file entry_5.cif (mmCIF, C-alpha atoms)
data_structure
#
loop_
_atom_site.label_atom_id
_atom_site.label_comp_id
_atom_site.auth_asym_id
_atom_site.auth_seq_id
_atom_site.Cartn_x
_atom_site.Cartn_y
_atom_site.Cartn_z
CA MET A 1331 -41.80 90.74 40.21
CA THR A 1332 -42.74 92.83 37.22
CA LEU A 1333 -46.37 92.95 36.32
CA VAL A 1334 -47.21 94.34 32.93
CA GLU A 1335 -50.68 95.73 32.43
CA THR A 1336 -52.52 94.38 29.44
CA THR A 1337 -54.08 96.58 26.85
CA PRO A 1338 -56.61 99.39 27.28
CA ASP A 1339 -60.33 98.93 26.88
CA SER A 1340 -60.51 100.44 23.39
CA VAL A 1341 -58.43 97.49 22.19
CA PHE A 1342 -60.64 94.92 23.88
CA GLU A 1343 -63.66 96.69 22.44
CA ALA A 1344 -62.12 96.64 18.97
CA LEU A 1345 -61.37 92.93 19.22
CA ALA A 1346 -64.81 91.99 20.53
CA ASP A 1347 -66.24 91.98 17.02
CA PRO A 1348 -65.69 88.94 14.77
CA THR A 1349 -65.59 91.07 11.60
CA ARG A 1350 -62.85 93.22 13.04
CA ARG A 1351 -60.88 90.15 14.05
CA ALA A 1352 -61.26 88.80 10.53
CA ILE A 1353 -60.04 92.12 9.12
CA LEU A 1354 -56.96 91.88 11.33
CA ALA A 1355 -56.38 88.32 10.15
CA ARG A 1356 -56.57 89.58 6.54
CA LEU A 1357 -54.12 92.41 7.25
CA ALA A 1358 -51.72 89.97 8.88
CA ARG A 1359 -51.13 88.76 5.30
CA GLY A 1360 -50.21 92.27 4.15
CA GLU A 1361 -51.45 95.76 3.35
CA ALA A 1362 -54.88 96.07 1.72
CA THR A 1363 -57.33 98.70 0.47
CA VAL A 1364 -60.86 99.04 1.80
CA MET A 1365 -62.17 97.36 -1.33
CA GLU A 1366 -59.82 94.41 -0.93
CA ILE A 1367 -60.72 94.08 2.72
CA ALA A 1368 -64.46 94.25 1.98
CA ALA A 1369 -64.37 91.58 -0.75
CA PRO A 1370 -64.86 88.46 1.42
CA PHE A 1371 -67.57 90.09 3.55
CA SER A 1372 -71.22 90.63 2.76
CA LEU A 1373 -70.85 94.15 4.09
CA SER A 1374 -70.92 97.52 2.37
CA GLN A 1375 -67.75 99.58 2.10
CA PRO A 1376 -69.08 102.18 4.55
CA ALA A 1377 -69.68 99.40 7.09
CA ILE A 1378 -66.13 98.15 6.59
CA SER A 1379 -64.84 101.73 6.86
CA GLN A 1380 -66.60 102.03 10.19
CA HIS A 1381 -64.83 98.90 11.45
CA LEU A 1382 -61.52 100.26 10.17
CA LYS A 1383 -62.12 103.47 12.10
CA VAL A 1384 -62.54 101.50 15.32
CA LEU A 1385 -59.38 99.50 14.62
CA GLU A 1386 -57.48 102.70 13.82
CA ALA A 1387 -58.67 104.41 17.01
CA ALA A 1388 -57.46 101.41 19.00
CA ARG A 1389 -54.10 101.75 17.21
CA LEU A 1390 -54.37 98.24 15.87
CA ILE A 1391 -53.99 99.40 12.28
CA VAL A 1392 -52.40 102.35 10.49
CA ARG A 1393 -53.39 103.89 7.15
CA ARG A 1394 -51.44 105.84 4.59
CA VAL A 1395 -52.61 108.04 1.73
CA GLU A 1396 -52.01 106.88 -1.82
CA GLY A 1397 -53.89 109.08 -4.28
CA THR A 1398 -57.57 108.59 -3.45
CA LYS A 1399 -56.89 105.34 -1.59
CA ARG A 1400 -56.00 104.85 2.02
CA PRO A 1401 -54.48 101.38 2.30
CA CYS A 1402 -54.45 99.78 5.74
CA ARG A 1403 -51.88 97.64 7.45
CA LEU A 1404 -51.35 96.27 10.93
CA ASN A 1405 -49.74 98.71 13.31
CA PRO A 1406 -46.35 97.15 14.09
CA ASP A 1407 -46.58 98.78 17.53
CA GLY A 1408 -50.13 97.52 18.02
CA LEU A 1409 -51.43 94.41 19.63
CA ASN A 1410 -49.33 91.28 19.24
CA SER A 1411 -50.60 87.72 19.32
CA MET A 1412 -49.83 87.51 23.02
CA GLU A 1413 -52.11 90.43 23.79
CA GLN A 1414 -54.86 89.11 21.54
CA TRP A 1415 -54.65 85.77 23.27
CA LEU A 1416 -54.80 87.41 26.69
CA ASP A 1417 -57.80 89.42 25.59
CA VAL A 1418 -59.69 86.30 24.57
CA LEU A 1419 -58.77 84.63 27.86
CA ARG A 1420 -59.75 87.66 29.90
CA ARG A 1421 -63.21 87.91 28.42
CA GLY A 1422 -63.79 84.18 28.64
CA LEU A 1423 -62.88 84.13 32.32
CA ALA A 1424 -64.95 87.24 33.03
CA ARG A 1425 -68.05 85.51 31.66
CA ASN A 1426 -67.41 82.25 33.53
CA TYR A 1427 -66.89 84.08 36.82
CA GLU A 1428 -70.11 86.00 36.38
CA ARG A 1429 -71.81 82.62 36.27
CA LEU A 1430 -69.84 81.53 39.30
CA ASP A 1431 -71.13 84.60 41.18
CA ALA A 1432 -74.65 83.34 40.55
CA VAL A 1433 -73.77 79.81 41.66
CA LEU A 1434 -72.25 81.14 44.88
CA ALA A 1435 -75.28 83.33 45.57
CA GLU A 1436 -77.50 80.23 45.27
CA THR A 1437 -75.39 77.97 47.46
CA LYS A 1438 -74.65 80.52 50.16
CA PRO A 1439 -77.55 79.68 52.53
CA THR A 1440 -76.34 76.08 52.86
CA HIS A 1441 -72.91 77.15 54.00
CA ARG A 1442 -71.71 77.96 57.46
CA ARG A 1443 -72.01 81.40 58.94
CA ARG A 1444 -69.50 83.75 57.32
CA GLN A 1445 -66.21 84.41 58.93
CA GLY A 1446 -65.46 87.94 60.10
CA ARG A 1447 -68.04 90.68 60.34
CA MET B 624 -66.20 93.56 35.46
CA SER B 625 -63.47 95.62 37.07
CA ARG B 626 -63.25 92.90 39.71
CA LEU B 627 -61.27 90.75 37.31
CA THR B 628 -57.64 91.58 36.69
CA LEU B 629 -55.41 89.75 34.25
CA LYS B 630 -51.73 90.51 34.01
CA THR B 631 -48.66 88.85 32.63
CA GLN B 632 -45.73 88.04 34.88
CA GLY B 633 -42.58 88.01 32.83
CA ASP B 634 -43.11 86.08 29.63
CA ARG B 635 -44.06 82.81 31.24
CA PHE B 636 -47.12 83.37 33.39
CA VAL B 637 -50.54 84.97 33.49
CA ILE B 638 -51.88 86.15 36.84
CA VAL B 639 -55.64 86.46 37.21
CA THR B 640 -57.35 87.88 40.30
CA ARG B 641 -61.07 88.02 41.05
CA ARG B 642 -63.10 88.81 44.17
CA PHE B 643 -66.16 86.77 45.12
CA ALA B 644 -68.88 87.55 47.63
CA ALA B 645 -68.63 84.13 49.27
CA SER B 646 -66.30 82.33 51.67
CA PRO B 647 -63.05 80.73 50.49
CA GLU B 648 -64.66 77.39 51.30
CA ALA B 649 -67.58 78.04 48.95
CA VAL B 650 -65.36 79.30 46.11
CA TYR B 651 -62.95 76.39 46.56
CA ARG B 652 -65.81 73.88 46.45
CA ALA B 653 -67.16 75.46 43.27
CA HIS B 654 -63.80 74.62 41.66
CA ILE B 655 -63.73 70.92 42.57
CA GLU B 656 -67.34 69.70 42.85
CA PRO B 657 -68.59 68.48 39.45
CA LYS B 658 -72.21 69.50 40.12
CA LEU B 659 -71.08 73.07 40.76
CA ILE B 660 -68.43 73.20 38.02
CA GLN B 661 -71.08 72.14 35.50
CA LYS B 662 -73.07 75.25 36.36
CA TRP B 663 -70.44 77.86 35.60
CA MET B 664 -67.41 76.57 33.65
CA LEU B 665 -69.49 76.42 30.54
CA GLY B 666 -67.83 78.37 27.81
CA PRO B 667 -70.12 80.03 25.29
CA GLU B 668 -73.84 80.58 25.74
CA GLY B 669 -75.74 77.46 24.74
CA TRP B 670 -72.93 75.11 25.71
CA SER B 671 -73.14 72.53 28.44
CA MET B 672 -70.65 70.24 30.16
CA PRO B 673 -72.13 66.73 29.90
CA VAL B 674 -68.96 65.11 31.22
CA CYS B 675 -67.24 66.50 34.28
CA ILE B 676 -64.70 64.25 35.96
CA CYS B 677 -62.90 65.95 38.80
CA GLU B 678 -61.10 63.66 41.25
CA ALA B 679 -60.05 66.20 43.86
CA LYS B 680 -56.97 64.48 45.26
CA PRO B 681 -53.29 64.60 44.33
CA GLY B 682 -52.89 62.69 41.06
CA GLY B 683 -56.67 62.75 40.56
CA LYS B 684 -57.96 62.99 37.00
CA ILE B 685 -59.71 65.92 35.40
CA ARG B 686 -61.77 65.65 32.26
CA TYR B 687 -64.19 68.32 31.09
CA GLU B 688 -66.19 67.83 27.91
CA TRP B 689 -68.20 70.64 26.39
CA ALA B 690 -71.06 70.17 23.97
CA VAL B 691 -73.52 72.22 21.96
CA PRO B 692 -76.31 70.89 19.71
CA GLY B 693 -75.37 70.46 16.07
CA ARG B 694 -71.66 71.14 16.34
CA PRO B 695 -68.56 69.24 17.36
CA GLY B 696 -67.69 69.57 21.02
CA PHE B 697 -64.25 69.67 22.59
CA TYR B 698 -62.55 68.60 25.77
CA LEU B 699 -59.78 69.16 28.25
CA THR B 700 -57.89 66.69 30.42
CA GLY B 701 -55.69 67.23 33.43
CA GLU B 702 -54.40 65.99 36.76
CA PHE B 703 -54.39 67.46 40.22
CA VAL B 704 -50.96 68.09 41.72
CA GLU B 705 -51.76 69.55 45.16
CA LEU B 706 -54.92 70.42 47.07
CA GLU B 707 -54.99 72.40 50.28
CA PRO B 708 -58.67 72.56 51.26
CA TYR B 709 -60.22 76.03 50.93
CA ARG B 710 -56.81 77.61 50.26
CA ARG B 711 -55.04 76.32 47.19
CA ILE B 712 -55.36 74.05 44.16
CA VAL B 713 -52.55 73.14 41.78
CA HIS B 714 -53.37 71.23 38.64
CA VAL B 715 -52.08 70.63 35.13
CA GLU B 716 -54.37 70.78 32.10
CA ARG B 717 -54.30 70.61 28.32
CA MET B 718 -56.89 71.23 25.64
CA TYR B 719 -57.42 69.28 22.45
CA LEU B 720 -57.60 71.42 19.31
CA PRO B 721 -57.76 68.47 18.42
CA ASP B 722 -54.02 68.03 19.04
CA PRO B 723 -53.22 68.56 22.71
CA THR B 724 -51.82 71.94 23.70
CA PRO B 725 -48.68 71.93 25.86
CA ASP B 726 -49.43 71.30 29.54
CA ASN B 727 -50.66 74.34 31.42
CA ARG B 728 -49.83 74.32 35.13
CA VAL B 729 -52.45 76.27 37.04
CA GLU B 730 -52.15 77.38 40.65
CA THR B 731 -55.32 78.77 42.20
CA GLU B 732 -55.36 80.39 45.65
CA PHE B 733 -58.35 81.41 47.73
CA ALA B 734 -57.76 83.99 50.46
CA PRO B 735 -60.26 85.54 52.88
CA ASP B 736 -60.99 89.13 51.85
CA GLY B 737 -63.38 90.86 54.25
CA THR B 738 -66.55 88.79 54.08
CA GLY B 739 -65.59 87.40 50.68
CA THR B 740 -62.71 85.75 48.86
CA LEU B 741 -59.84 86.98 46.77
CA MET B 742 -58.95 84.34 44.22
CA THR B 743 -55.54 84.48 42.56
CA MET B 744 -54.82 82.14 39.68
CA ARG B 745 -51.41 81.75 38.10
CA MET B 746 -51.25 79.89 34.83
CA THR B 747 -48.57 79.20 32.26
CA LEU B 748 -48.54 81.32 29.12
CA PRO B 749 -48.70 79.18 26.01
CA ASP B 750 -45.71 79.65 23.74
CA GLU B 751 -45.98 81.84 20.69
CA LYS B 752 -46.59 78.95 18.32
CA THR B 753 -49.49 77.63 20.43
CA ARG B 754 -51.02 81.09 20.83
CA ASP B 755 -50.77 81.78 17.13
CA ALA B 756 -52.36 78.42 16.36
CA MET B 757 -55.24 79.19 18.72
CA LEU B 758 -55.76 82.65 17.29
CA ALA B 759 -55.40 81.59 13.68
CA THR B 760 -57.96 78.84 14.18
CA GLY B 761 -60.21 81.28 15.95
CA MET B 762 -60.02 83.97 13.33
CA GLU B 763 -60.81 81.59 10.53
CA HIS B 764 -63.60 79.72 12.26
CA GLY B 765 -65.23 82.31 14.45
CA MET B 766 -63.04 81.55 17.47
CA GLU B 767 -64.34 78.02 17.64
CA ALA B 768 -61.43 76.07 19.04
CA GLY B 769 -60.15 75.43 22.50
CA TYR B 770 -59.71 78.37 24.78
CA VAL B 771 -60.76 80.71 22.07
CA ARG B 772 -64.17 79.11 22.00
CA LEU B 773 -64.76 81.09 25.17
CA GLU B 774 -64.94 84.07 22.89
CA GLU B 775 -68.49 83.23 21.88
CA MET B 776 -69.65 84.01 25.36
CA MET B 777 -69.35 87.68 24.56
CA PRO B 778 -72.43 89.47 23.30
CA PRO B 779 -72.03 90.61 19.70
CA ALA B 780 -70.55 94.09 19.40
CA HIS B 781 -72.73 96.73 17.78
#
call {"tool": "encode", "arguments": {"input": "entry_5.cif", "output": "structure tokens"}}
result
Amino acid sequence: MTLVETTPDSVFEALADPTRRAILARLARGEATVMEIAAPFSLSQPAISQHLKVLEAARLIVRRVEGTKRPCRLNPDGLNSMEQWLDVLRRGLARNYERLDAVLAETKPTHRRRQGR
Amino acid sequence: MSRLTLKTQGDRFVIVTRRFAASPEAVYRAHIEPKLIQKWMLGPEGWSMPVCICEAKPGGKIRYEWAVPGRPGFYLTGEFVELEPYRRIVHVERMYLPDPTPDNRVETEFAPDGTGTLMTMRMTLPDEKTRDAMLATGMEHGMEAGYVRLEEMMPPAH
């Protein structure tokens, strides 16, 4: 049985933000400059640049230098749709199970004495 | 948070483990008793589960409907395959996006772990087309559909 670890926390962190997910969706259509990426958002270019920095640090995107521009594209070695999907699932389950912890803490007194020590 | 692990097994399955500070009996019950399910299997903050049908017997029906004020809700249906009280649940489920996703077979095991429970859940990985559909919908609409609606449970990143 081979178990493959999912992605590191920096990736989950990067994907936690809806703007960054939208940027990734835009880049899935092809390379784009900061200005092109910023166009559909009501955010300043510095704000977008900050998001790009996070995505770059998580190795989700790569940038190249072209004159004064630094166009971005998806990192082909970065997160694939499988990993993104797993990330969404992981965080959804984590939140549900935190609620379940609370439910179990409430119901505990009505249950039988615990097994073991 | 580190209590949850999520790993892939080959390219067909996802294995989730989680420890709970309660007996296997209590954790098992929280997975099959509608009154308990409605307290935790809620999806995003602000959502509720007004309909929770959970007939905990082989062949028994599952139907969970989620709702939030002012927006369309969504639902999941399924059937139980096997139930071994306090130890194991096998069921099949599908979500409606609104088209049904391919059936997801889920096996959930509850094992004593010290004074608590180690839960291990094995579920089927959706195929690439289904995953992409879920993610594409999510990215365009703020992760609003199906599984991906769970996304909204996360606090906004700063």
call {"tool": "resolve_selection", "arguments": {"input": "entry_5.cif", "expression": "the PyMOL selection byres ((chain B and resi 745) around 8)", "output": "ChimeraX atom specification"}}
result
/B:636-639,729-731,743-744,746-747
call {"tool": "atom_distance", "arguments": {"input": "entry_5.cif", "atom1": "CA of Val1418 in chain A", "atom2": "CA of Glu707 in chain B"}}
result
29.6 Å
call {"tool": "resolve_selection", "arguments": {"input": "entry_5.cif", "expression": "the PyMOL selection byres ((chain A and resi 1392) around 6)", "output": "list in words"}}
result
Ile1391, Arg1393, Cys1402, Arg1403 and Asn1405 of chain A
call {"tool": "write_last_selection", "arguments": {"input": "entry_5.cif", "atoms": "C-alpha atoms", "output": "compact mmCIF listing (two decimals), keeping the file's coordinate frame"}}
result
# COMPACT_ATOMS: atom_id res chain seq x y z
CA ILE A 1391 -53.99 99.40 12.28
CA ARG A 1393 -53.39 103.89 7.15
CA CYS A 1402 -54.45 99.78 5.74
CA ARG A 1403 -51.88 97.64 7.45
CA ASN A 1405 -49.74 98.71 13.31
call {"tool": "residues_near_point", "arguments": {"input": "entry_5.cif", "point": "(-54.9, 74.0, 34.1)", "cutoff": "7 Å", "atoms": "all atoms listed in the file", "output": "PyMOL selection string"}}
result
chain B and resi 701+714-717+727-729+746
call {"tool": "closest_residue", "arguments": {"input": "entry_5.cif", "among": "B:Met664, B:Arg626, B:Pro673, B:Phe703", "to": "chain A", "atoms": "all atoms listed in the file"}}
result
B:Met664
call {"tool": "atom_distance", "arguments": {"input": "entry_5.cif", "atom1": "CA of Ser1379 in chain A", "atom2": "CA of Arg754 in chain B"}}
result
28.5 Å
call {"tool": "atom_distance", "arguments": {"input": "entry_5.cif", "atom1": "CA of Pro1406 in chain A", "atom2": "CA of Ala1362 in chain A"}}
result
15.1 Å
call {"tool": "resolve_selection", "arguments": {"input": "entry_5.cif", "expression": "the PyMOL selection byres ((chain A and resi 1435) around 12)", "output": "PyMOL selection string"}}
result
(chain A and resi 1428-1434+1436-1441) or (chain B and resi 643-646+649-650+653+739)
call {"tool": "axis_aligned_box", "arguments": {"input": "entry_5.cif", "around": "range 1343-1358 of chain A", "padding_each_side": "5 Å", "output": "AutoDock Vina command-line options"}}
result
--center_x -59.0 --center_y 92.5 --center_z 14.5 --size_x 24.5 --size_y 18.4 --size_z 25.9
